[in-house]
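Quick look at entry36.csv (CSV, C-alpha atoms):
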chain,number,residue,atom,x,y,z
A,1,MET,CA,-88.9,-59.3,41.0
A,2,GLY,CA,-87.1,-61.9,43.1
A,3,LEU,CA,-84.5,-64.4,42.1
A,4,ASP,CA,-87.1,-67.3,42.0
A,5,ARG,CA,-89.1,-65.5,39.3
A,6,PHE,CA,-86.0,-64.3,37.4
A,7,PHE,CA,-84.7,-67.9,37.3
A,8,ARG,CA,-88.2,-69.2,36.5
A,9,LEU,CA,-87.9,-71.8,39.3
A,10,GLY,CA,-89.7,-75.1,38.6
A,11,GLU,CA,-90.7,-74.2,35.1
A,12,ALA,CA,-89.5,-76.2,32.1
A,13,VAL,CA,-88.4,-73.3,30.0
A,14,GLU,CA,-88.2,-73.8,26.2
A,15,ILE,CA,-84.7,-72.6,25.2
A,16,GLY,CA,-84.7,-73.5,21.5
A,17,SER,CA,-84.1,-76.3,19.1
A,18,TYR,CA,-81.3,-77.6,16.9
A,19,GLU,CA,-81.4,-79.5,13.7
A,20,PHE,CA,-79.0,-82.5,13.4
A,21,THR,CA,-78.3,-82.6,9.7
A,22,PRO,CA,-76.0,-85.4,8.4
A,23,GLU,CA,-73.4,-82.7,7.6
A,24,ALA,CA,-73.5,-81.2,11.1
A,25,ILE,CA,-73.3,-84.6,12.7
A,26,LYS,CA,-70.3,-85.6,10.7
A,27,ALA,CA,-68.5,-82.3,11.0
A,28,PHE,CA,-68.8,-82.4,14.8
A,29,ALA,CA,-67.8,-86.0,15.0
A,30,ARG,CA,-64.8,-85.6,12.8
A,31,LYS,CA,-63.4,-83.1,15.3
A,32,TYR,CA,-64.5,-84.5,18.6
A,33,ASP,CA,-65.9,-88.1,18.4
A,34,PRO,CA,-64.9,-89.8,15.2
A,35,GLN,CA,-66.4,-93.2,16.0
A,36,PRO,CA,-67.7,-94.9,12.8
A,37,PHE,CA,-71.4,-94.6,13.7
A,38,HIS,CA,-71.0,-90.8,13.9
A,39,VAL,CA,-69.0,-90.3,10.7
A,40,ASP,CA,-69.9,-93.1,8.3
A,41,GLU,CA,-73.5,-93.9,7.1
A,42,ALA,CA,-72.5,-97.5,6.0
A,43,ALA,CA,-70.8,-98.3,9.3
A,44,ALA,CA,-73.6,-96.7,11.3
A,45,SER,CA,-76.3,-98.9,9.6
A,46,LYS,CA,-74.4,-102.0,10.8
A,47,SER,CA,-74.0,-100.7,14.4
A,48,VAL,CA,-76.4,-101.2,17.3
A,49,LEU,CA,-77.6,-97.6,16.7
A,50,GLY,CA,-79.0,-98.6,13.3
A,51,GLY,CA,-78.0,-95.5,11.3
A,52,LEU,CA,-75.9,-92.3,11.3
A,53,CYS,CA,-76.6,-90.6,14.6
A,54,ALA,CA,-75.2,-87.6,16.5
A,55,SER,CA,-72.4,-87.9,19.1
A,56,GLY,CA,-73.9,-87.6,22.6
A,57,TRP,CA,-71.5,-84.7,23.1
A,58,HIS,CA,-73.1,-83.0,20.1
A,59,THR,CA,-76.6,-83.3,21.5
A,60,ALA,CA,-75.4,-82.0,24.9
A,61,SER,CA,-73.4,-79.2,23.4
A,62,ALA,CA,-76.4,-78.1,21.3
A,63,TRP,CA,-78.3,-77.8,24.7
A,64,MET,CA,-75.7,-75.4,25.8
A,65,LYS,CA,-75.9,-73.4,22.6
A,66,CYS,CA,-79.7,-73.0,23.1
A,67,ASN,CA,-79.2,-72.2,26.7
A,68,VAL,CA,-76.8,-69.4,26.1
A,69,GLU,CA,-78.6,-68.0,23.1
A,70,SER,CA,-81.9,-67.9,25.0
A,71,GLY,CA,-80.3,-65.8,27.7
A,72,THR,CA,-79.9,-68.8,29.9
A,73,GLY,CA,-83.7,-69.3,30.1
A,74,THR,CA,-84.2,-66.5,32.6
A,75,ASP,CA,-87.0,-64.0,32.7
A,76,GLY,CA,-85.0,-61.4,30.8
A,77,ASP,CA,-85.3,-58.0,32.5
A,78,TRP,CA,-84.3,-57.6,36.1
A,79,ASP,CA,-86.1,-55.1,38.2
A,80,GLY,CA,-85.1,-56.5,41.6
A,81,GLU,CA,-82.5,-55.0,44.0
A,82,GLY,CA,-78.9,-54.6,42.9
A,83,SER,CA,-77.5,-55.3,39.5
A,84,LYS,CA,-78.9,-58.0,37.2
A,85,PRO,CA,-77.7,-61.5,38.2
A,86,ARG,CA,-74.8,-62.6,36.0
A,87,PHE,CA,-74.1,-66.2,35.1
A,88,GLY,CA,-70.6,-67.5,35.7
A,89,PRO,CA,-68.9,-70.9,35.4
A,90,SER,CA,-70.4,-74.3,36.2
A,91,PRO,CA,-68.8,-76.9,38.5
A,92,GLY,CA,-70.0,-79.8,36.3
A,93,PHE,CA,-73.0,-82.1,35.7
A,94,SER,CA,-74.3,-85.5,36.7
A,95,ASN,CA,-76.7,-88.2,35.7
A,96,LEU,CA,-76.4,-87.3,32.0
A,97,LYS,CA,-78.4,-89.9,30.0
A,98,TRP,CA,-78.6,-90.3,26.2
A,99,LEU,CA,-82.0,-92.0,26.3
A,100,LYS,CA,-82.4,-92.5,22.5
A,101,PRO,CA,-80.1,-92.1,19.5
A,102,VAL,CA,-80.5,-88.8,17.6
A,103,HIS,CA,-80.5,-89.8,14.0
A,104,ALA,CA,-79.6,-87.7,11.0
A,105,GLY,CA,-82.4,-85.3,10.1
A,106,GLU,CA,-83.9,-85.1,13.7
A,107,THR,CA,-84.5,-81.8,15.3
A,108,VAL,CA,-84.2,-81.7,19.1
A,109,ARG,CA,-86.2,-79.2,21.2
A,110,TYR,CA,-84.4,-78.3,24.5
A,111,THR,CA,-85.7,-77.2,27.9
A,112,ARG,CA,-84.0,-76.0,31.1
A,113,THR,CA,-85.6,-76.2,34.5
A,114,ALA,CA,-84.2,-74.2,37.5
A,115,ILE,CA,-84.5,-76.4,40.6
A,116,GLU,CA,-83.2,-74.4,43.5
A,117,HIS,CA,-80.5,-71.8,44.4
A,118,ARG,CA,-78.5,-71.3,47.5
A,119,ALA,CA,-75.7,-69.0,48.7
A,120,LEU,CA,-72.1,-70.1,48.0
A,121,ALA,CA,-70.3,-70.0,51.3
A,122,SER,CA,-66.9,-69.7,49.8
A,123,ARG,CA,-67.8,-66.7,47.6
A,124,PRO,CA,-70.0,-63.9,49.1
A,125,GLY,CA,-72.3,-62.4,46.4
A,126,TRP,CA,-72.5,-65.6,44.5
A,127,ARG,CA,-75.2,-68.3,44.5
A,128,VAL,CA,-75.3,-71.8,43.0
A,129,LEU,CA,-78.3,-72.5,40.8
A,130,SER,CA,-79.1,-76.1,40.2
A,131,LEU,CA,-80.7,-77.0,36.9
A,132,ARG,CA,-82.1,-79.8,34.9
A,133,GLY,CA,-81.5,-79.9,31.1
A,134,GLU,CA,-83.6,-82.0,28.7
A,135,GLY,CA,-84.0,-82.6,25.0
A,136,PHE,CA,-86.9,-84.1,23.0
A,137,ASP,CA,-87.0,-85.3,19.5
A,138,THR,CA,-89.8,-84.7,17.0
A,139,SER,CA,-91.7,-87.8,18.2
A,140,GLY,CA,-91.8,-86.2,21.6
A,141,ASP,CA,-89.4,-88.8,23.1
A,142,LYS,CA,-86.8,-87.6,25.5
A,143,VAL,CA,-83.3,-88.0,24.0
A,144,LEU,CA,-81.2,-86.2,26.7
A,145,GLU,CA,-81.4,-85.3,30.3
A,146,PHE,CA,-78.8,-84.2,32.9
A,147,ASP,CA,-78.5,-82.4,36.2
A,148,SER,CA,-76.2,-79.4,36.3
A,149,ALA,CA,-75.4,-76.3,38.3
A,150,VAL,CA,-74.1,-72.8,37.6
A,151,LEU,CA,-72.6,-70.1,39.7
A,152,VAL,CA,-74.5,-66.8,39.5
A,153,GLU,CA,-73.3,-63.4,40.7
A,154,VAL,CA,-76.1,-61.7,42.5
A,155,GLY,CA,-74.3,-58.7,44.1
A,156,THR,CA,-74.8,-58.4,47.9
A,157,GLY,CA,-78.6,-59.0,47.9
B,1,MET,CA,-63.7,-112.2,15.5
B,2,THR,CA,-62.4,-108.7,15.3
B,3,GLY,CA,-59.0,-107.2,14.4
B,4,LYS,CA,-59.6,-104.4,16.9
B,5,LYS,CA,-57.0,-104.3,19.7
B,6,TRP,CA,-59.6,-103.7,22.5
B,7,ALA,CA,-62.6,-105.9,23.0
B,8,PHE,CA,-64.6,-106.4,26.3
B,9,GLU,CA,-62.2,-109.2,27.4
B,10,ASP,CA,-59.2,-106.9,27.3
B,11,PHE,CA,-60.3,-104.5,30.0
B,12,ALA,CA,-59.4,-105.3,33.6
B,13,GLU,CA,-60.5,-103.6,36.8
B,14,GLY,CA,-57.8,-101.3,38.1
B,15,GLN,CA,-56.2,-101.0,34.7
B,16,SER,CA,-54.9,-97.5,33.8
B,17,LEU,CA,-54.6,-96.2,30.2
B,18,ASP,CA,-52.6,-93.2,29.2
B,19,LEU,CA,-54.4,-91.1,26.5
B,20,GLY,CA,-51.4,-88.9,25.7
B,21,GLU,CA,-51.2,-85.1,25.8
B,22,LYS,CA,-52.9,-82.2,24.1
B,23,VAL,CA,-52.0,-78.6,24.0
B,24,VAL,CA,-55.1,-76.3,23.9
B,25,ASN,CA,-55.0,-73.3,21.6
B,26,ALA,CA,-57.0,-70.1,21.6
B,27,LYS,CA,-58.4,-70.7,18.1
B,28,GLU,CA,-60.1,-74.0,18.9
B,29,ILE,CA,-61.5,-72.5,22.2
B,30,ILE,CA,-63.1,-69.7,20.3
B,31,GLU,CA,-64.2,-71.9,17.4
B,32,PHE,CA,-66.1,-74.3,19.8
B,33,ALA,CA,-67.5,-71.4,21.8
B,34,ARG,CA,-68.8,-69.5,18.7
B,35,GLU,CA,-70.8,-72.6,17.8
B,36,PHE,CA,-72.0,-74.0,21.1
B,37,ASP,CA,-71.2,-71.7,24.1
B,38,PRO,CA,-70.9,-68.1,23.1
B,39,GLN,CA,-70.2,-66.6,26.5
B,40,PRO,CA,-67.6,-63.8,26.7
B,41,MET,CA,-65.1,-65.7,28.8
B,42,HIS,CA,-64.9,-68.4,26.0
B,43,LEU,CA,-64.6,-65.9,23.2
B,44,ASP,CA,-62.4,-63.0,24.3
B,45,VAL,CA,-59.1,-62.9,26.1
B,46,GLU,CA,-59.9,-59.7,28.1
B,47,ALA,CA,-63.3,-60.9,29.1
B,48,GLY,CA,-61.7,-64.2,30.1
B,49,LYS,CA,-59.2,-62.4,32.3
B,50,ALA,CA,-62.0,-60.4,33.9
B,51,SER,CA,-64.0,-63.5,34.7
B,52,LEU,CA,-63.6,-66.0,37.6
B,53,LEU,CA,-61.7,-68.3,35.2
B,54,GLY,CA,-58.8,-65.9,34.9
B,55,GLY,CA,-58.2,-66.1,31.1
B,56,LEU,CA,-59.5,-67.2,27.8
B,57,SER,CA,-61.0,-70.5,28.9
B,58,ALA,CA,-62.6,-73.4,27.1
B,59,SER,CA,-66.3,-74.1,27.5
B,60,GLY,CA,-66.7,-77.1,29.9
B,61,TRP,CA,-68.6,-78.9,27.1
B,62,HIS,CA,-65.5,-78.3,24.9
B,63,THR,CA,-63.3,-79.8,27.5
B,64,CYS,CA,-65.6,-82.9,27.5
B,65,CYS,CA,-65.2,-83.0,23.7
B,66,MET,CA,-61.4,-82.7,24.0
B,67,PHE,CA,-61.5,-85.6,26.5
B,68,MET,CA,-63.7,-87.6,24.1
B,69,ARG,CA,-61.3,-87.1,21.2
B,70,MET,CA,-58.3,-88.2,23.4
B,71,LEU,CA,-60.4,-91.2,24.4
B,72,CYS,CA,-61.1,-92.0,20.7
B,73,ASP,CA,-57.5,-91.6,19.7
B,74,GLY,CA,-56.2,-93.4,22.8
B,75,PHE,CA,-58.1,-96.6,22.4
B,76,LEU,CA,-61.8,-96.3,21.5
B,77,LEU,CA,-61.3,-96.2,17.7
B,78,ASP,CA,-59.3,-99.4,18.0
B,79,SER,CA,-61.9,-101.1,20.1
B,80,THR,CA,-65.3,-102.8,19.8
B,81,SER,CA,-67.1,-99.8,21.4
B,82,GLN,CA,-70.8,-99.6,20.7
B,83,GLY,CA,-71.3,-96.3,22.4
B,84,ALA,CA,-72.6,-95.3,25.9
B,85,PHE,CA,-75.9,-94.6,27.6
B,86,GLY,CA,-74.7,-91.6,29.4
B,87,ILE,CA,-72.2,-90.0,31.8
B,88,ASP,CA,-72.4,-90.5,35.6
B,89,HIS,CA,-70.7,-87.2,36.3
B,90,VAL,CA,-68.3,-84.6,35.0
B,91,LYS,CA,-66.5,-82.3,37.3
B,92,TRP,CA,-64.9,-79.2,35.8
B,93,ARG,CA,-62.4,-78.7,38.6
B,94,LYS,CA,-60.1,-76.1,37.1
B,95,PRO,CA,-60.4,-73.8,34.1
B,96,VAL,CA,-58.8,-75.0,30.8
B,97,LEU,CA,-57.0,-72.0,29.5
B,98,ALA,CA,-55.4,-71.3,26.1
B,99,GLY,CA,-51.8,-72.7,26.2
B,100,ASP,CA,-52.6,-75.4,28.8
B,101,ARG,CA,-51.1,-78.8,28.2
B,102,LEU,CA,-53.5,-81.6,29.2
B,103,ARG,CA,-52.7,-85.2,29.9
B,104,GLY,CA,-55.5,-87.7,29.6
B,105,ARG,CA,-55.8,-90.8,31.7
B,106,VAL,CA,-58.5,-93.5,32.1
B,107,THR,CA,-58.8,-96.0,34.9
B,108,VAL,CA,-61.1,-99.1,34.6
B,109,MET,CA,-63.4,-99.1,37.7
B,110,ALA,CA,-65.6,-102.1,36.9
B,111,LYS,CA,-66.7,-104.4,34.1
B,112,ARG,CA,-69.6,-106.8,33.8
B,113,GLY,CA,-71.5,-108.7,31.0
B,114,SER,CA,-74.8,-107.3,29.8
B,115,LYS,CA,-77.8,-109.3,30.9
B,116,SER,CA,-80.0,-108.2,28.0
B,117,ARG,CA,-77.5,-108.4,25.2
B,118,PRO,CA,-75.3,-111.5,24.9
B,119,GLY,CA,-71.8,-110.8,23.6
B,120,VAL,CA,-71.9,-107.3,24.9
B,121,GLY,CA,-70.1,-106.1,28.1
B,122,LEU,CA,-70.2,-102.9,30.1
B,123,VAL,CA,-67.0,-101.2,31.2
B,124,THR,CA,-67.1,-98.3,33.7
B,125,ILE,CA,-64.2,-95.9,33.5
B,126,ARG,CA,-63.0,-92.9,35.4
B,127,GLY,CA,-61.4,-90.3,33.2
B,128,GLU,CA,-59.1,-87.4,34.0
B,129,LEU,CA,-57.5,-84.5,32.3
B,130,ILE,CA,-54.5,-83.2,34.2
B,131,ASN,CA,-52.9,-79.9,33.3
B,132,GLN,CA,-49.2,-78.9,33.2
B,133,ARG,CA,-49.4,-77.8,36.9
B,134,GLY,CA,-50.5,-81.2,37.9
B,135,GLU,CA,-54.1,-80.0,38.6
B,136,HIS,CA,-57.1,-82.1,37.7
B,137,ALA,CA,-59.0,-79.9,35.2
B,138,LEU,CA,-61.7,-82.5,34.4
B,139,GLU,CA,-62.9,-85.7,36.1
B,140,MET,CA,-65.6,-87.9,34.7
B,141,GLN,CA,-67.1,-91.3,35.1
B,142,ASN,CA,-69.2,-93.3,32.7
B,143,THR,CA,-70.0,-96.8,31.4
B,144,GLY,CA,-69.5,-97.8,27.8
B,145,MET,CA,-70.7,-100.9,25.8
B,146,PHE,CA,-68.1,-103.1,24.2
B,147,LEU,CA,-68.6,-106.3,22.1
B,148,ALA,CA,-66.8,-109.4,23.2
B,149,ARG,CA,-64.1,-110.5,20.8
B,150,GLU,CA,-66.1,-113.5,19.4
B,151,ALA,CA,-69.2,-111.4,18.9
B,152,ALA,CA,-67.5,-108.6,17.0

Just dump the structure as structure tokens.
Amino acid sequence: MGLDRFFRLGEAVEIGSYEFTPEAIKAFARKYDPQPFHVDEAAASKSVLGGLCASGWHTASAWMKCNVESGTGTDGDWDGEGSKPRFGPSPGFSNLKWLKPVHAGETVRYTRTAIEHRALASRPGWRVLSLRGEGFDTSGDKVLEFDSAVLVEVGTG
Amino acid sequence: MTGKKWAFEDFAEGQSLDLGEKVVNAKEIIEFAREFDPQPMHLDVEAGKASLLGGLSASGWHTCCMFMRMLCDGFLLDSTSQGAFGIDHVKWRKPVLAGDRLRGRVTVMAKRGSKSRPGVGLVTIRGELINQRGEHALEMQNTGMFLAREAA
């Protein structure tokens, strides 16, 4: 197995789904994003969002939850050379779009697509894997997308 | 009219806003990580020390959430904010470790009226979290929607 197959390059891998209950939306928002349309149904119904909806950071964090719990969307077992690639930190993300509000009661299904990987000049044995993350609501509409990258330790191979 | 302190008119290009300070503790790092990013370096001190991050470190998504909370408490809750369509970029420049003291700062990069929604304006900010060593831990840029004072 090579790294391309392990990372499932080019494939929109289903990494799981997350239910945005009103309780989960409000609990998250009280801690991290207590704007009225995330914590108060009455205020939310008067806002441009039209009803209680999840903080965008909540919909993004739930992507990460699914990503980690799915084994970062990789092919599982590693039978290539050297030790199994290990995922490390990420330098950040870009072009994150909250395309549609995620209202209370919605369930979002998440995917992760590996785009490419290249050697990291500053750290021998590490590669940078670029990714695209996406989330879709039960109507099939995209609610979240972003481009990201993650460092992966691949030994000396 | 609105009683909020910050409406679209109150933002000016080049303006800098201090979001105050936050000390990051291990309990909140682990709490966030258990729920949203259960990787060893965010859950366990020893695993954190053994990682590239060099200690128990906050999930990058948690760091974004910390920034969001500081933004809310700094001015957003006392504003006519109507939310945002996204984030242009976030850079996790340095690990955020348990015990770090972060200072938040926002600079207004640009503002313009919305063509499609009268009474609504768009404000582009650059946000930063700077640790006690003066290092930028987080940098971000995004555009938010704010109602004009008369429309709020």

request  = Select all residues from chain A having any atom no more than 7 Å from an atom of chain B (counting only C-alpha atoms, ignoring ligands), output as a ChimeraX atom specification.
outcome  = /A:32-33,35,48,57,61-62,64-65,68,91-99

key: Selection near range 105-121 of chain B, 8 Å with only C-alpha atoms, sequence-local residues under 2 positions removed, as a VMD selection string   = chain B and resid 8 11 to 20 103 123 to 129 145 to 148 150 to 151

Long-range neighbours of range 3-11 of chain A as a PyMOL selection string, 12 Å cut-off, only C-alpha atoms, 3 positions minimum in chain = chain A and resi 14-15+71-87+111-119+127-133+150+152-155+157

remark   = As a check of understanding: the span from CA of Ala50 in chain B to CA of Trp63 in chain A is 25.6 Å

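Computed from the coordinates, the CA of Ala7 in chain B to CA of Glu145 in chain A distance equals 28.8 Å.
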
key: d(CA of Gly16 in chain A, CA of His38 in chain A) in Å   =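 The value is 23.3 Å.
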
Hey, can I get the axis-aligned box for range 126-132 of chain A? All listed atoms, 8 Å padding on each side, centre and edge lengths in Å to one decimal, as AutoDock Vina command-line options.
--center_x -77.3 --center_y -72.7 --center_z 39.7 --size_x 25.6 --size_y 30.2 --size_z 25.6

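Contact shell of Ala54 in chain A at 10 Å (all atoms listed in the file; same-chain neighbours under 4 positions omitted): A:Phe20, A:Thr21, A:Pro22, A:Ala24, A:Ile25, A:Lys26, A:Phe28, A:Ala29, A:Asp33, A:Phe37, A:His38, A:Val39, A:His58, A:Thr59, A:Pro101, A:Val102, A:His103, A:Ala104, A:Gly105, A:Glu106.
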
inquiry  = When you count all atoms listed in the file, which of these residues is closest to Gln132 in chain B: B:Asp44, B:Asp10, B:Asp100, B:Glu21?
reply    =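 Comparing B:Asp44, B:Asp10, B:Asp100, B:Glu21 against Gln132 in chain B, the winner is B:Asp100.
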